[in-house]
$ cat model03.pdb   # PDB, C-alpha atoms
ATOM      1  CA  MET A 244     189.279 111.383  42.710
ATOM      2  CA  PRO A 245     190.143 115.094  43.171
ATOM      3  CA  ASP A 246     188.710 116.739  46.270
ATOM      4  CA  ASN A 247     186.388 119.208  44.555
ATOM      5  CA  TRP A 248     186.266 121.589  47.497
ATOM      6  CA  GLY A 249     184.490 124.147  45.301
ATOM      7  CA  TYR A 250     181.465 121.846  45.049
ATOM      8  CA  VAL A 251     181.489 121.193  48.801
ATOM      9  CA  PHE A 252     181.565 124.887  49.733
ATOM     10  CA  SER A 253     178.951 125.736  47.083
ATOM     11  CA  ALA A 254     176.527 123.196  48.568
ATOM     12  CA  TYR A 255     177.026 124.353  52.168
ATOM     13  CA  GLY A 256     177.044 128.041  51.154
ATOM     14  CA  LEU A 257     173.795 127.716  49.225
ATOM     15  CA  ALA A 258     172.103 125.948  52.156
ATOM     16  CA  ALA A 259     173.313 128.652  54.562
ATOM     17  CA  VAL A 260     171.977 131.448  52.332
ATOM     18  CA  VAL A 261     168.570 129.750  51.935
ATOM     19  CA  LEU A 262     168.133 129.002  55.661
ATOM     20  CA  LEU A 263     169.394 132.405  56.830
ATOM     21  CA  GLY A 264     167.158 134.124  54.281
ATOM     22  CA  TYR A 265     164.107 132.225  55.546
ATOM     23  CA  TRP A 266     164.998 132.934  59.183
ATOM     24  CA  ARG A 267     165.358 136.673  58.432
ATOM     25  CA  ARG A 268     162.017 136.644  56.627
ATOM     26  CA  LEU A 269     160.343 135.033  59.658
ATOM     27  CA  ALA A 270     162.016 137.484  62.063
ATOM     28  CA  GLY A 271     160.875 140.453  59.939
ATOM     29  CA  ARG A 272     157.304 139.159  59.764
ATOM     30  CA  ALA A 273     157.186 138.511  63.539
ATOM     31  CA  LYS A 274     158.474 142.027  64.219
ATOM     32  CA  SER A 275     155.919 143.633  61.920
ATOM     33  CA  LEU A 276     153.056 141.644  63.486
ATOM     34  CA  ALA A 277     154.229 142.522  67.007
ATOM     35  CA  GLY A 278     154.359 146.216  66.002
ATOM     36  CA  ARG A 279     150.852 145.994  64.589
ATOM     37  CA  GLY A 280     149.634 144.431  67.859
ATOM     38  CA  GLU A 281     151.190 147.241  69.922
ATOM     39  CA  ARG A 282     149.621 149.937  67.712
ATOM     40  CA  ARG A 283     146.230 148.244  68.107
ATOM     41  CA  GLN A 284     146.605 148.296  71.910
ATOM     42  CA  ASP A 285     147.578 152.005  71.894
ATOM     43  CA  ARG A 286     144.314 152.989  70.175
TER      44      ARG A 286
ATOM     45  CA  MET B  75     161.190 132.310  75.031
ATOM     46  CA  ALA B  76     161.252 128.514  74.581
ATOM     47  CA  ALA B  77     161.537 129.022  70.809
ATOM     48  CA  ARG B  78     164.533 131.300  71.302
ATOM     49  CA  ALA B  79     166.253 128.676  73.495
ATOM     50  CA  LEU B  80     165.491 126.084  70.824
ATOM     51  CA  GLY B  81     167.036 128.420  68.236
ATOM     52  CA  TRP B  82     170.274 128.737  70.209
ATOM     53  CA  LEU B  83     170.347 124.982  70.756
ATOM     54  CA  ALA B  84     169.971 124.516  66.984
ATOM     55  CA  VAL B  85     172.833 126.970  66.335
ATOM     56  CA  LEU B  86     175.095 125.074  68.757
ATOM     57  CA  ALA B  87     174.151 121.745  67.166
ATOM     58  CA  LEU B  88     174.765 123.136  63.661
ATOM     59  CA  VAL B  89     178.214 124.401  64.699
ATOM     60  CA  ALA B  90     178.968 120.953  66.158
ATOM     61  CA  GLY B  91     177.664 119.373  62.944
ATOM     62  CA  LEU B  92     179.905 121.561  60.778
ATOM     63  CA  GLY B  93     182.867 120.808  63.047
ATOM     64  CA  ALA B  94     182.201 117.089  62.737
ATOM     65  CA  ALA B  95     181.638 117.262  58.951
ATOM     66  CA  PHE B  96     184.862 119.162  58.275
ATOM     67  CA  GLY B  97     187.067 118.267  61.250
ATOM     68  CA  TYR B  98     186.123 114.849  62.609
ATOM     69  CA  ALA B  99     184.757 112.799  59.693
ATOM     70  CA  PRO B 100     187.524 111.202  57.627
ATOM     71  CA  ARG B 101     188.162 111.861  53.946
ATOM     72  CA  GLU B 102     186.129 109.221  52.102
ATOM     73  CA  ALA B 103     188.347 106.653  50.360
ATOM     74  CA  VAL B 104     186.622 106.596  46.943
ATOM     75  CA  GLN B 105     185.013 110.026  46.477
ATOM     76  CA  GLY B 106     187.437 112.144  48.495
ATOM     77  CA  ASN B 107     186.278 115.276  50.295
ATOM     78  CA  VAL B 108     183.300 115.902  48.011
ATOM     79  CA  GLN B 109     181.498 113.144  49.958
ATOM     80  CA  ARG B 110     181.225 115.669  52.836
ATOM     81  CA  ILE B 111     178.150 117.018  51.012
ATOM     82  CA  MET B 112     176.408 113.914  52.403
ATOM     83  CA  TYR B 113     176.333 115.509  55.895
ATOM     84  CA  LEU B 114     174.112 118.233  54.424
ATOM     85  CA  HIS B 115     172.191 116.238  51.804
ATOM     86  CA  VAL B 116     170.977 113.311  53.945
ATOM     87  CA  PRO B 117     169.894 115.308  57.050
ATOM     88  CA  ALA B 118     168.090 117.763  54.738
ATOM     89  CA  VAL B 119     165.977 115.040  53.129
ATOM     90  CA  LEU B 120     165.236 113.325  56.449
ATOM     91  CA  THR B 121     164.089 116.677  57.860
ATOM     92  CA  ALA B 122     161.917 117.232  54.794
ATOM     93  CA  TYR B 123     160.284 113.808  55.373
ATOM     94  CA  LEU B 124     159.573 114.821  58.981
ATOM     95  CA  ALA B 125     158.151 118.180  57.876
ATOM     96  CA  PHE B 126     155.796 116.633  55.326
ATOM     97  CA  ALA B 127     154.737 113.952  57.821
ATOM     98  CA  LEU B 128     153.697 116.827  60.114
ATOM     99  CA  VAL B 129     151.828 118.481  57.220
ATOM    100  CA  PHE B 130     149.941 115.168  56.920
ATOM    101  CA  VAL B 131     149.204 115.070  60.681
ATOM    102  CA  GLY B 132     148.063 118.717  60.696
ATOM    103  CA  SER B 133     145.898 118.161  57.611
ATOM    104  CA  VAL B 134     144.168 115.080  59.048
ATOM    105  CA  GLY B 135     143.769 116.885  62.379
ATOM    106  CA  TYR B 136     142.110 119.857  60.688
ATOM    107  CA  LEU B 137     139.694 117.790  58.631
ATOM    108  CA  LEU B 138     138.664 115.816  61.740
ATOM    109  CA  THR B 139     138.339 118.718  64.207
ATOM    110  CA  ARG B 140     138.191 121.957  62.137
ATOM    111  CA  ARG B 141     140.496 123.539  64.728
ATOM    112  CA  PRO B 142     142.749 126.236  63.194
ATOM    113  CA  GLY B 143     145.743 125.082  65.268
ATOM    114  CA  TRP B 144     146.020 121.951  63.110
ATOM    115  CA  ASP B 145     146.010 124.058  59.954
ATOM    116  CA  ARG B 146     148.688 126.306  61.422
ATOM    117  CA  LEU B 147     150.812 123.219  62.176
ATOM    118  CA  ALA B 148     150.462 122.044  58.564
ATOM    119  CA  LEU B 149     151.382 125.462  57.149
ATOM    120  CA  ALA B 150     154.285 125.952  59.556
ATOM    121  CA  ALA B 151     155.736 122.539  58.623
ATOM    122  CA  ALA B 152     155.205 122.915  54.858
ATOM    123  CA  GLU B 153     157.353 126.023  54.395
ATOM    124  CA  PRO B 154     160.577 124.646  55.925
ATOM    125  CA  GLY B 155     159.751 121.283  54.325
ATOM    126  CA  VAL B 156     159.925 122.925  50.902
ATOM    127  CA  LEU B 157     163.196 124.640  51.845
ATOM    128  CA  PHE B 158     164.790 121.403  53.054
ATOM    129  CA  THR B 159     163.629 119.592  49.910
ATOM    130  CA  GLY B 160     165.115 122.385  47.787
ATOM    131  CA  ILE B 161     168.402 122.064  49.689
ATOM    132  CA  THR B 162     168.296 118.285  49.153
ATOM    133  CA  ILE B 163     167.849 118.685  45.392
ATOM    134  CA  ALA B 164     170.456 121.454  45.050
ATOM    135  CA  SER B 165     173.089 119.704  47.207
ATOM    136  CA  GLY B 166     172.442 116.404  45.418
ATOM    137  CA  SER B 167     172.855 118.093  42.061
ATOM    138  CA  ILE B 168     176.122 119.744  43.170
ATOM    139  CA  TRP B 169     177.330 116.366  44.501
ATOM    140  CA  GLY B 170     176.227 114.596  41.320
ATOM    141  CA  LYS B 171     178.339 116.706  38.950
ATOM    142  CA  PRO B 172     181.789 115.532  40.158
ATOM    143  CA  THR B 173     180.686 111.976  41.047
ATOM    144  CA  TRP B 174     178.165 111.069  38.301
ATOM    145  CA  GLY B 175     179.375 113.561  35.697
ATOM    146  CA  THR B 176     176.003 115.307  35.461
ATOM    147  CA  TRP B 177     174.022 117.912  37.393
ATOM    148  CA  TRP B 178     170.728 116.110  36.795
ATOM    149  CA  THR B 179     169.315 112.890  35.412
ATOM    150  CA  TRP B 180     165.711 111.657  35.249
ATOM    151  CA  ASP B 181     166.453 108.853  37.701
ATOM    152  CA  ALA B 182     163.567 107.550  39.857
ATOM    153  CA  ARG B 183     164.878 109.056  43.120
ATOM    154  CA  LEU B 184     165.664 112.452  41.617
ATOM    155  CA  THR B 185     162.398 112.643  39.691
ATOM    156  CA  SER B 186     160.224 111.604  42.645
ATOM    157  CA  THR B 187     162.019 114.142  44.871
ATOM    158  CA  ALA B 188     161.404 116.873  42.284
ATOM    159  CA  VAL B 189     157.708 115.874  42.229
ATOM    160  CA  LEU B 190     157.625 116.030  46.059
ATOM    161  CA  PHE B 191     159.096 119.541  45.904
ATOM    162  CA  LEU B 192     156.594 120.713  43.283
ATOM    163  CA  VAL B 193     153.599 119.228  45.153
ATOM    164  CA  TYR B 194     154.422 121.228  48.288
ATOM    165  CA  VAL B 195     155.254 124.391  46.333
ATOM    166  CA  GLY B 196     151.760 123.909  44.873
ATOM    167  CA  TYR B 197     150.413 123.434  48.406
ATOM    168  CA  LEU B 198     151.822 126.832  49.432
ATOM    169  CA  LEU B 199     150.590 128.514  46.233
ATOM    170  CA  LEU B 200     147.114 127.079  46.809
ATOM    171  CA  ARG B 201     147.059 128.549  50.306
ATOM    172  CA  GLY B 202     147.877 131.942  48.827
ATOM    173  CA  MET B 203     145.021 131.745  46.316
ATOM    174  CA  VAL B 204     142.085 131.125  48.690
ATOM    175  CA  ASP B 205     140.992 133.948  51.032
ATOM    176  CA  GLU B 206     138.288 132.292  53.111
ATOM    177  CA  PRO B 207     140.132 130.579  56.029
ATOM    178  CA  ASP B 208     138.064 127.382  56.332
ATOM    179  CA  ARG B 209     137.938 126.802  52.569
ATOM    180  CA  ARG B 210     141.681 127.442  52.342
ATOM    181  CA  ALA B 211     142.449 125.071  55.207
ATOM    182  CA  ARG B 212     140.205 122.310  53.787
ATOM    183  CA  ALA B 213     141.665 122.547  50.280
ATOM    184  CA  ALA B 214     145.224 122.645  51.654
ATOM    185  CA  ALA B 215     144.504 119.660  53.930
ATOM    186  CA  VAL B 216     143.439 117.540  50.943
ATOM    187  CA  VAL B 217     146.699 118.373  49.132
ATOM    188  CA  GLY B 218     148.666 117.849  52.368
ATOM    189  CA  ILE B 219     147.209 114.351  52.765
ATOM    190  CA  LEU B 220     147.587 113.329  49.101
ATOM    191  CA  GLY B 221     151.105 114.818  48.933
ATOM    192  CA  ALA B 222     152.308 112.616  51.797
ATOM    193  CA  ALA B 223     151.752 109.557  49.590
ATOM    194  CA  ASN B 224     154.847 110.655  47.682
ATOM    195  CA  ILE B 225     157.152 110.304  50.730
ATOM    196  CA  PRO B 226     157.360 106.455  50.614
ATOM    197  CA  ILE B 227     157.634 106.661  46.807
ATOM    198  CA  VAL B 228     160.706 108.907  47.159
ATOM    199  CA  HIS B 229     162.239 106.730  49.863
ATOM    200  CA  PHE B 230     161.672 103.354  48.179
ATOM    201  CA  SER B 231     162.193 104.549  44.580
ATOM    202  CA  VAL B 232     165.791 103.286  44.672
ATOM    203  CA  LYS B 233     164.488  99.826  45.614
ATOM    204  CA  TRP B 234     161.487  99.685  43.276
ATOM    205  CA  TRP B 235     163.201 100.961  40.119
ATOM    206  CA  ARG B 236     166.655 100.708  38.612
ATOM    207  CA  ALA B 237     168.252 103.986  39.696
ATOM    208  CA  LEU B 238     171.552 105.819  39.357
ATOM    209  CA  HIS B 239     171.110 107.040  42.927
ATOM    210  CA  GLN B 240     172.548 104.654  45.485
ATOM    211  CA  PRO B 241     170.137 102.573  47.648
ATOM    212  CA  SER B 242     169.378 103.617  51.242
ATOM    213  CA  THR B 243     172.371 103.095  53.509
ATOM    214  CA  ILE B 244     170.535 104.262  56.614
ATOM    215  CA  LEU B 245     166.812 103.559  57.115
ATOM    216  CA  GLY B 246     167.401 100.518  54.952
ATOM    217  CA  PRO B 247     166.492  96.881  55.759
ATOM    218  CA  GLU B 248     170.074  95.675  56.276
ATOM    219  CA  PRO B 249     172.459  96.855  59.038
ATOM    220  CA  SER B 250     174.304  99.973  57.889
ATOM    221  CA  PRO B 251     177.859  99.391  56.584
ATOM    222  CA  ILE B 252     178.889 102.992  57.360
ATOM    223  CA  ALA B 253     182.120 103.511  59.357
ATOM    224  CA  ALA B 254     181.501 104.766  62.913
ATOM    225  CA  PRO B 255     182.942 108.331  62.499
ATOM    226  CA  ILE B 256     180.874 108.864  59.332
ATOM    227  CA  ALA B 257     177.722 107.528  61.017
ATOM    228  CA  ALA B 258     178.335 109.700  64.110
ATOM    229  CA  THR B 259     178.810 112.821  61.955
ATOM    230  CA  LEU B 260     175.635 112.047  60.065
ATOM    231  CA  LEU B 261     173.755 111.598  63.344
ATOM    232  CA  ILE B 262     175.012 114.920  64.769
ATOM    233  CA  ASN B 263     173.935 116.759  61.624
ATOM    234  CA  TRP B 264     170.586 114.966  61.566
ATOM    235  CA  ILE B 265     169.937 116.093  65.169
ATOM    236  CA  ALA B 266     171.075 119.644  64.306
ATOM    237  CA  PHE B 267     168.722 119.839  61.306
ATOM    238  CA  THR B 268     165.842 118.442  63.369
ATOM    239  CA  LEU B 269     166.431 121.090  66.060
ATOM    240  CA  LEU B 270     166.605 123.802  63.400
ATOM    241  CA  PHE B 271     163.360 122.554  61.903
ATOM    242  CA  ALA B 272     161.689 122.497  65.347
ATOM    243  CA  TYR B 273     162.778 126.110  65.883
ATOM    244  CA  LEU B 274     161.521 127.277  62.466
ATOM    245  CA  LEU B 275     158.263 125.373  63.039
ATOM    246  CA  ALA B 276     157.710 127.047  66.430
ATOM    247  CA  GLU B 277     158.433 130.508  65.010
ATOM    248  CA  ARG B 278     156.216 130.003  61.956
ATOM    249  CA  MET B 279     153.343 128.662  64.081
ATOM    250  CA  GLU B 280     153.495 131.721  66.327
ATOM    251  CA  ILE B 281     153.478 134.014  63.266
ATOM    252  CA  ALA B 282     150.469 132.136  61.857
ATOM    253  CA  ARG B 283     148.696 132.526  65.210
ATOM    254  CA  LEU B 284     149.359 136.290  65.230
ATOM    255  CA  GLU B 285     148.201 136.559  61.600
ATOM    256  CA  ASP B 286     144.949 134.800  62.513
ATOM    257  CA  THR B 287     144.491 137.133  65.513
ATOM    258  CA  HIS B 288     144.976 140.242  63.372
ATOM    259  CA  ALA B 289     142.747 138.907  60.605
ATOM    260  CA  GLY B 290     139.976 138.023  63.061
TER     261      GLY B 290
END
$ encode --input "model03.pdb" --output "structure tokens"
Amino acid sequence: MPDNWGYVFSAYGLAAVVLLGYWRRLAGRAKSLAGRGERRQDR
Amino acid sequence: MAARALGWLAVLALVAGLGAAFGYAPREAVQGNVQRIMYLHVPAVLTAYLAFALVFVGSVGYLLTRRPGWDRLALAAAEPGVLFTGITIASGSIWGKPTWGTWWTWDARLTSTAVLFLVYVGYLLLRGMVDEPDRRARAAAVVGILGAANIPIVHFSVKWWRALHQPSTILGPEPSPIAAPIAATLLINWIAFTLLFAYLLAERMEIARLEDTHAG
């Protein structure tokens, strides 16, 4: 059977994009919540 | 701080897993290099099982105690669980095209996994539709408990019905016939995915706690 490297890299690439995207979303949300907490303390 | 250390540990384990998948594991005799998708596909589904088992634990815990921490555990496990199930379906589909000749077939394993995915997408949508925290947590807990019933159906579907998908090679009743380097690579990637899940779970739980603090 041919090696089909294109399929292999597509699968790993897609997983990397999904997981990195979710991690970035979590990091952004944590940063925004931390900022909101600091503003609340300043008042 | 502990979550950050867990994150770095997960990164190291993922790098080791990639190194093993592409550098250590041999080229499979029948399928060739496309079989390397297995080191992504199998750990992803095992991690999804773990995530949804934790949704079940959190859901039961909430219904018994009404403590928001249990609900936060269920929510924090459900999101990555959906992602890992999505990765399982997508990687399986990509693997299926060169080996089965099709991206998708309504085989028992594939169909039950798609149902599992949709149930937990529904779980997350339901959480977004209810504003009152206790009502939201109770409704989500019911779905979280009922949804877990699908996990054994997915796992044993290849045994219970005639399926195109191969039967379980690991977590099966007989000793695994996998060659040692392939089994070791699978194990490394399974550990890496579990560490990554633990990190995402810890981060998401902390975010849920902060959200509750700001809302209250």
$ closest_residue --input "model03.pdb" --among "A:Arg272, A:Val260, A:Asn247, A:Ala254" --to "Ile163 of chain B" --atoms "all atoms listed in the file"
A:Ala254
$ closest_atom_pairs --input "model03.pdb" --of "chain A" --to "chain B" --cutoff "8 Å" --atoms "all atoms listed in the file" --output "Markdown table"
| residue | atom | partner | partner_atom | distance |
| --- | --- | --- | --- | --- |
| A:Met244 | CA | B:Gln105 | CA | 5.9 |
| A:Pro245 | CA | B:Gly106 | CA | 6.7 |
| A:Asp246 | CA | B:Asn107 | CA | 4.9 |
| A:Asn247 | CA | B:Val108 | CA | 5.7 |
| A:Trp248 | CA | B:Val108 | CA | 6.4 |
| A:Tyr250 | CA | B:Ile168 | CA | 6.0 |
| A:Val251 | CA | B:Val108 | CA | 5.6 |
| A:Ser253 | CA | B:Ile168 | CA | 7.7 |
| A:Ala254 | CA | B:Ser165 | CA | 5.1 |
| A:Tyr255 | CA | B:Leu114 | CA | 7.1 |
| A:Leu257 | CA | B:Ile161 | CA | 7.8 |
| A:Ala258 | CA | B:Ile161 | CA | 5.9 |
| A:Val261 | CA | B:Leu157 | CA | 7.4 |
| A:Leu262 | CA | B:Leu157 | CA | 7.6 |
| A:Trp266 | CA | B:Leu274 | CA | 7.4 |
| A:Leu269 | CA | B:Arg278 | CA | 6.9 |
| A:Arg272 | CA | B:Ile281 | CA | 7.3 |
| A:Ala273 | CA | B:Ile281 | CA | 5.8 |
| A:Leu276 | CA | B:Leu284 | CA | 6.7 |
| A:Gly280 | CA | B:His288 | CA | 7.7 |
$ residues_around --input "model03.pdb" --residues "Ala222 of chain B" --least-positions-apart "5" --cutoff "7 Å" --atoms "only C-alpha atoms" --output "MDAnalysis selection string"
chainID B and resid 126:127 130
$ write_last_selection --input "model03.pdb" --atoms "C-alpha atoms" --output "compact mmCIF listing (two decimals), keeping the file's coordinate frame"
# COMPACT_ATOMS: atom_id res chain seq x y z
CA PHE B 126 155.80 116.63 55.33
CA ALA B 127 154.74 113.95 57.82
CA PHE B 130 149.94 115.17 56.92
$ atom_distance --input "model03.pdb" --atom1 "atom CA of Arg283 of chain B" --atom2 "atom CA of Trp144 of chain B"
11.1 Å
$ resolve_selection --input "model03.pdb" --expression "the PyMOL selection byres ((chain B and resi 77) around 12)" --output "number ranges by chain"
B: 75-76, 78-84, 269-280
$ atom_distance --input "model03.pdb" --atom1 "atom CA of Pro100 of chain B" --atom2 "atom CA of His229 of chain B"
26.8 Å
$ axis_aligned_box --input "model03.pdb" --around "segment 247-250 of chain A" --padding-each-side "4 Å" --output "lines of an AutoDock Vina configuration file"
center_x = 183.9
center_y = 121.7
center_z = 46.0
size_x = 12.9
size_y = 12.9
size_z = 10.9
